Amino acid sequence: MIKVLVCGAYGKMGREVLKAIHNDTQLSLVGAVDVKSDFTDVGDLIGIGKTGVTVGNDLQAVINETKPQVMVDFTRPEVVMNNIRIAMKNGVCPIIGTTGLSDKDREEINTSCIETKVNALIAPNFSIGAILMMNLAQDAAKYFPNVEIIELHHDQKLDAPSGTALHTAELIVKNRGYLQQGHPDEVEKLPGARGADYSGIRIHSVRLPGYVAHQEVIFGGLGQTLTIRHDSISRESFMPGVVLACKHVLTANGLIYGLEEILNK
Ligand code: NAD
């Protein structure tokens, strides 16, 4: 059994992860942390009765007490690096679902993997359908270099654009490089009207109640458009990916970036 700690246990994603770990026969939920903790039993959080595992509020103390092998983190962009540092210092492999990490953060995690020999996994999106959407988009960019991304999320999301949109853009750029799109003299009458710019790809972020996580990648060519769309209509969509990551991270070799790196293994 792989011993797992969940960080951000009271959150929308954290609660789903608690359920998914609890329901898997190869994973054992040994600890949970949330800054809002009032030491609730995780069983009460997910409606399965008492489990004896309570949610603590001090990551270091919970690691000392429960000795996890893996930490799954779905917290907030401004705290996740601190959690990762604590986990890795203690030999615990972090699985990072929290989005909003910078390139510098990723570099720090990579260096830390090399120095500590503790593996880590960062996945901007844990849903298998979203991985396929990104793969298809990367492929389509070979034939349709003009592309824009529209990502749509619930209105409590803190970072924009989404980690998935940025990762999609990174993958597309691998296949087509920088490209100036649209008219070179275009003018934004309202700042931001054309969205964010990643190597010439415009990324538009919609935030509304009612959405979970959705993305359209729209390619434009001569007399045609191609739209690749993925919808996560519930947070359960991310759980098979999280469980897979927990099972793979211990035997990985350093930092894994993107679930696609382990999907076909
Ligand atoms: P949420 O606000 O519902 O939950 C975050 C939880 O983290 C809260 O309960 C909060 O109290 C807790 N928290 C804050 N600081 C903490 C700390 N220092 N230590 C422990 N817990 C702390 O947010 P959410 O909707 O669950 O999303 C969490 C993150 O996951 C966001 O960054 C979101 O973008 C990301 N996300 C990623 C994926 C993916 O597939 N990678 C999917 C959905 C959401």
# chains A, B, ... in the order shown; residues from 1 in each chain; ligands from 1
call {"tool": "residues_near_ligand", "arguments": {"ligand": "ligand 1", "cutoff": "6 Å", "atoms": "only C-alpha atoms and all ligand atoms", "output": "VMD selection string"}}
result
chain A and resid 7 to 14 33 to 36 74 to 77 79 97 to 99 123 to 126 238
call {"tool": "write_last_selection", "arguments": {"atoms": "C-alpha atoms", "output": "tab-separated table (two decimals), in the first residue's frame"}}
result
chain	number	residue	atom	x	y	z
A	7	CYS	CA	-3.03	18.77	1.36
A	8	GLY	CA	-5.96	21.14	0.88
A	9	ALA	CA	-8.35	18.49	2.26
A	10	TYR	CA	-11.31	20.83	2.81
A	11	GLY	CA	-11.19	22.20	-0.74
A	12	LYS	CA	-13.38	21.26	-3.70
A	13	MET	CA	-10.61	19.11	-5.20
A	14	GLY	CA	-9.22	17.96	-1.84
A	33	VAL	CA	-3.95	18.88	6.05
A	34	ASP	CA	-5.85	22.12	5.54
A	35	VAL	CA	-5.15	25.56	6.99
A	36	LYS	CA	-8.84	25.79	7.89
A	74	PHE	CA	-4.62	20.96	-4.28
A	75	THR	CA	-4.25	24.24	-2.36
A	76	ARG	CA	-3.51	27.74	-3.62
A	77	PRO	CA	-0.86	29.19	-5.93
A	79	VAL	CA	1.24	28.47	-0.71
A	97	GLY	CA	-2.46	19.65	-8.87
A	98	THR	CA	-2.40	23.27	-7.71
A	99	THR	CA	-1.99	25.51	-10.74
A	123	ALA	CA	0.01	18.00	-13.71
A	124	PRO	CA	-1.75	21.15	-14.89
A	125	ASN	CA	-4.69	18.86	-15.69
A	126	PHE	CA	-5.35	15.37	-14.33
A	238	PHE	CA	-9.62	14.38	-12.42
call {"tool": "residues_around", "arguments": {"residues": "Val147 in chain A", "least_positions_apart": "4", "cutoff": "8 Å", "atoms": "only C-alpha atoms", "output": "PyMOL selection string"}}
result
chain A and resi 141+201-202+217-220
call {"tool": "atom_distance", "arguments": {"atom1": "CA of Asp38 in chain A", "atom2": "CA of Val55 in chain A"}}
result
7.3 Å
call {"tool": "select_by_dssp", "arguments": {"residues": "range 14-120 of chain A", "states": "helix (DSSP H, G or I)", "output": "number ranges by chain"}}
result
A: 14-23, 42-46, 59-66, 80-89, 103-116
call {"tool": "closest_residue", "arguments": {"among": "A:Ser162, A:Asn146, A:Asn175, A:Thr227", "to": "Ser205 in chain A", "atoms": "only C-alpha atoms"}}
result
A:Ser162
call {"tool": "atom_distance", "arguments": {"atom1": "CA of Asp185 in chain A", "atom2": "CA of Ile203 in chain A"}}
result
18.9 Å
call {"tool": "atom_distance", "arguments": {"atom1": "CA of Arg85 in chain A", "atom2": "CA of Val17 in chain A"}}
result
21.1 Å
